[in-house]
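Some notes on the structure that comes next.
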Amino acid sequence: MSDLTFLMLLFLGLTLGVVLSIYHVMRQKRRRSVLLLIGTLLVVSGYVLVIGNLAFGYGWGALWWVVVGLTMNVFGLIVHLFVISYHLVKKRRVRS
């Protein structure tokens with residue numbers, strides 16, 4: 001796999017994560033949980049760090065910030081998955 005293909009897949013994956021997390025937060029009509037907002041903040045700020053440093057950064061310093069951005073993005077997506085699964089389990093328990 002070439003470097004350009006890898007960067008395009010990374011960009012598309014990160015963009016999809018950001019769009020889905022923001023869509024999920026906007027779709028909730030009831031009270032939004034603090035964890036979901038923190039997860040969205042982590043995803044968006046990680047996305048900005050990664051894309052900004054891939055576009056404008058150079059050297060080892062930029063590589064460090066890309067790693068920090070990816071870590072924030074992945075941690076935010078994990079928080080989203082746990083919050084969504086918790087709400088689904090809670091909804092299932094209420095119905096039964």
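All residue names refer to the structure tokens as shown: chains lettered A, B, ... in order, residues numbered from 1 in each chain, ligands numbered from 1 in order.
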
Could you pull the residues within 10 Å of Asn53 (chain A), counting only C-alpha atoms, minus those fewer than 5 positions along the same chain, as a PDB file with all heavy atoms, in the first residue's frame?
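Contents of the output file around_7.pdb:
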ATOM      1  N   TYR A  47      -8.899  15.139  15.722  1.00  0.00           N
ATOM      2  CA  TYR A  47      -8.976  15.261  14.266  1.00  0.00           C
ATOM      3  C   TYR A  47      -8.242  16.515  13.789  1.00  0.00           C
ATOM      4  O   TYR A  47      -7.472  16.477  12.840  1.00  0.00           O
ATOM      5  CB  TYR A  47     -10.441  15.311  13.854  1.00  0.00           C
ATOM      6  CG  TYR A  47     -10.682  15.469  12.377  1.00  0.00           C
ATOM      7  CD1 TYR A  47     -10.548  14.379  11.534  1.00  0.00           C
ATOM      8  CD2 TYR A  47     -11.054  16.684  11.830  1.00  0.00           C
ATOM      9  CE1 TYR A  47     -10.782  14.510  10.180  1.00  0.00           C
ATOM     10  CE2 TYR A  47     -11.282  16.825  10.488  1.00  0.00           C
ATOM     11  CZ  TYR A  47     -11.146  15.729   9.663  1.00  0.00           C
ATOM     12  OH  TYR A  47     -11.364  15.868   8.326  1.00  0.00           O
ATOM     13  N   VAL A  48      -8.468  17.621  14.476  1.00  0.00           N
ATOM     14  CA  VAL A  48      -7.813  18.871  14.093  1.00  0.00           C
ATOM     15  C   VAL A  48      -6.300  18.757  14.248  1.00  0.00           C
ATOM     16  O   VAL A  48      -5.534  19.212  13.381  1.00  0.00           O
ATOM     17  CB  VAL A  48      -8.386  20.050  14.913  1.00  0.00           C
ATOM     18  CG1 VAL A  48      -7.551  21.293  14.751  1.00  0.00           C
ATOM     19  CG2 VAL A  48      -9.817  20.313  14.516  1.00  0.00           C
ATOM     20  N   TYR A  58       6.075  19.699  10.078  1.00  0.00           N
ATOM     21  CA  TYR A  58       7.211  18.975   9.514  1.00  0.00           C
ATOM     22  C   TYR A  58       8.147  18.607  10.657  1.00  0.00           C
ATOM     23  O   TYR A  58       8.161  19.260  11.696  1.00  0.00           O
ATOM     24  CB  TYR A  58       7.940  19.805   8.452  1.00  0.00           C
ATOM     25  CG  TYR A  58       8.471  21.109   8.951  1.00  0.00           C
ATOM     26  CD1 TYR A  58       9.763  21.206   9.447  1.00  0.00           C
ATOM     27  CD2 TYR A  58       7.675  22.246   8.939  1.00  0.00           C
ATOM     28  CE1 TYR A  58      10.250  22.402   9.919  1.00  0.00           C
ATOM     29  CE2 TYR A  58       8.151  23.447   9.407  1.00  0.00           C
ATOM     30  CZ  TYR A  58       9.438  23.524   9.887  1.00  0.00           C
ATOM     31  OH  TYR A  58       9.917  24.705  10.363  1.00  0.00           O
ATOM     32  N   GLY A  59       8.901  17.572  10.480  1.00  0.00           N
ATOM     33  CA  GLY A  59       9.872  17.159  11.480  1.00  0.00           C
ATOM     34  C   GLY A  59       9.278  16.249  12.538  1.00  0.00           C
ATOM     35  O   GLY A  59       8.132  15.819  12.463  1.00  0.00           O
ATOM     36  N   GLY A  61       8.649  16.960  15.656  1.00  0.00           N
ATOM     37  CA  GLY A  61       7.647  17.616  16.489  1.00  0.00           C
ATOM     38  C   GLY A  61       6.248  17.427  15.938  1.00  0.00           C
ATOM     39  O   GLY A  61       5.303  17.183  16.682  1.00  0.00           O
ATOM     40  N   ALA A  62       6.121  17.520  14.644  1.00  0.00           N
ATOM     41  CA  ALA A  62       4.816  17.308  14.016  1.00  0.00           C
ATOM     42  C   ALA A  62       4.381  15.862  14.152  1.00  0.00           C
ATOM     43  O   ALA A  62       3.193  15.575  14.363  1.00  0.00           O
ATOM     44  CB  ALA A  62       4.865  17.699  12.547  1.00  0.00           C
ATOM     45  N   LEU A  63       5.321  14.937  14.065  1.00  0.00           N
ATOM     46  CA  LEU A  63       4.986  13.523  14.233  1.00  0.00           C
ATOM     47  C   LEU A  63       4.456  13.259  15.635  1.00  0.00           C
ATOM     48  O   LEU A  63       3.502  12.500  15.824  1.00  0.00           O
ATOM     49  CB  LEU A  63       6.208  12.653  13.952  1.00  0.00           C
ATOM     50  CG  LEU A  63       5.992  11.146  14.037  1.00  0.00           C
ATOM     51  CD1 LEU A  63       5.011  10.698  12.970  1.00  0.00           C
ATOM     52  CD2 LEU A  63       7.307  10.418  13.912  1.00  0.00           C
ATOM     53  N   TRP A  64       5.055  13.899  16.632  1.00  0.00           N
ATOM     54  CA  TRP A  64       4.586  13.737  17.997  1.00  0.00           C
ATOM     55  C   TRP A  64       3.144  14.224  18.147  1.00  0.00           C
ATOM     56  O   TRP A  64       2.311  13.589  18.776  1.00  0.00           O
ATOM     57  CB  TRP A  64       5.517  14.494  18.953  1.00  0.00           C
ATOM     58  CG  TRP A  64       4.958  14.631  20.329  1.00  0.00           C
ATOM     59  CD1 TRP A  64       4.556  15.777  20.916  1.00  0.00           C
ATOM     60  CD2 TRP A  64       4.731  13.594  21.277  1.00  0.00           C
ATOM     61  NE1 TRP A  64       4.105  15.525  22.170  1.00  0.00           N
ATOM     62  CE2 TRP A  64       4.188  14.187  22.427  1.00  0.00           C
ATOM     63  CE3 TRP A  64       4.923  12.223  21.271  1.00  0.00           C
ATOM     64  CZ2 TRP A  64       3.841  13.464  23.541  1.00  0.00           C
ATOM     65  CZ3 TRP A  64       4.581  11.494  22.405  1.00  0.00           C
ATOM     66  CH2 TRP A  64       4.051  12.113  23.516  1.00  0.00           C
ATOM     67  N   TRP A  65       2.826  15.373  17.556  1.00  0.00           N
ATOM     68  CA  TRP A  65       1.463  15.888  17.673  1.00  0.00           C
ATOM     69  C   TRP A  65       0.463  15.052  16.886  1.00  0.00           C
ATOM     70  O   TRP A  65      -0.708  14.957  17.260  1.00  0.00           O
ATOM     71  CB  TRP A  65       1.412  17.350  17.252  1.00  0.00           C
ATOM     72  CG  TRP A  65       1.995  18.233  18.298  1.00  0.00           C
ATOM     73  CD1 TRP A  65       3.173  18.899  18.226  1.00  0.00           C
ATOM     74  CD2 TRP A  65       1.455  18.495  19.587  1.00  0.00           C
ATOM     75  NE1 TRP A  65       3.400  19.581  19.391  1.00  0.00           N
ATOM     76  CE2 TRP A  65       2.361  19.349  20.258  1.00  0.00           C
ATOM     77  CE3 TRP A  65       0.302  18.101  20.249  1.00  0.00           C
ATOM     78  CZ2 TRP A  65       2.127  19.808  21.539  1.00  0.00           C
ATOM     79  CZ3 TRP A  65       0.088  18.561  21.537  1.00  0.00           C
ATOM     80  CH2 TRP A  65       0.987  19.398  22.160  1.00  0.00           C
ATOM     81  N   VAL A  66       0.896  14.432  15.807  1.00  0.00           N
ATOM     82  CA  VAL A  66       0.012  13.516  15.079  1.00  0.00           C
ATOM     83  C   VAL A  66      -0.322  12.312  15.956  1.00  0.00           C
ATOM     84  O   VAL A  66      -1.471  11.864  16.022  1.00  0.00           O
ATOM     85  CB  VAL A  66       0.659  13.067  13.741  1.00  0.00           C
ATOM     86  CG1 VAL A  66      -0.078  11.908  13.135  1.00  0.00           C
ATOM     87  CG2 VAL A  66       0.695  14.230  12.765  1.00  0.00           C
ATOM     88  N   VAL A  67       0.669  11.789  16.662  1.00  0.00           N
ATOM     89  CA  VAL A  67       0.429  10.656  17.560  1.00  0.00           C
ATOM     90  C   VAL A  67      -0.506  11.062  18.694  1.00  0.00           C
ATOM     91  O   VAL A  67      -1.419  10.306  19.059  1.00  0.00           O
ATOM     92  CB  VAL A  67       1.772  10.116  18.105  1.00  0.00           C
ATOM     93  CG1 VAL A  67       1.552   9.124  19.225  1.00  0.00           C
ATOM     94  CG2 VAL A  67       2.581   9.497  16.990  1.00  0.00           C
ATOM     95  N   GLY A  69      -2.771  13.428  18.567  1.00  0.00           N
ATOM     96  CA  GLY A  69      -4.091  13.588  17.957  1.00  0.00           C
ATOM     97  C   GLY A  69      -4.774  12.267  17.688  1.00  0.00           C
ATOM     98  O   GLY A  69      -5.971  12.111  17.935  1.00  0.00           O
TER      99      GLY A  69
END

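Closest approach to Met72 (chain A) from the set A:Ile38, A:Val50, A:Arg30, A:Val43 is made by A:Val43, with distances taken over only C-alpha atoms.
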
Which residues come within 12 Å of Thr40 (chain A), counting only C-alpha atoms, excluding same-chain residues fewer than 5 positions away, as an NGL selection string?
:A and (17-26 or 32-35 or 45-47 or 72-81 or 83)

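Between Leu42 (chain A) and the residues A:Leu54, A:Leu10, A:Val68, A:Val89, the shortest atom-to-atom distance, using only C-alpha atoms, involves A:Val68.
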
So which residues touch Leu7 (chain A) within 12 Å, counting only C-alpha atoms, skipping near sequence neighbours fewer than 5 positions away, as a PyMOL selection string?
chain A and resi 1-2+12-14+50-51+54-55

Please save C-alpha atoms of the selected residues as a PDB file, in the first residue's frame.
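As written to disk, result.pdb reads:
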ATOM      1  CA  MET A   1       0.000   0.000   0.000  1.00  0.00           C
ATOM      2  CA  SER A   2       1.440   3.336  -0.972  1.00  0.00           C
ATOM      3  CA  LEU A  12     -11.519   9.204   5.495  1.00  0.00           C
ATOM      4  CA  GLY A  13     -11.620   7.130   8.676  1.00  0.00           C
ATOM      5  CA  LEU A  14     -11.025  10.115  10.925  1.00  0.00           C
ATOM      6  CA  VAL A  50      -3.862  15.088  13.089  1.00  0.00           C
ATOM      7  CA  ILE A  51      -5.023  16.849   9.944  1.00  0.00           C
ATOM      8  CA  LEU A  54      -0.167  16.347   8.456  1.00  0.00           C
ATOM      9  CA  ALA A  55      -0.860  19.430   6.353  1.00  0.00           C
TER      10      ALA A  55
END
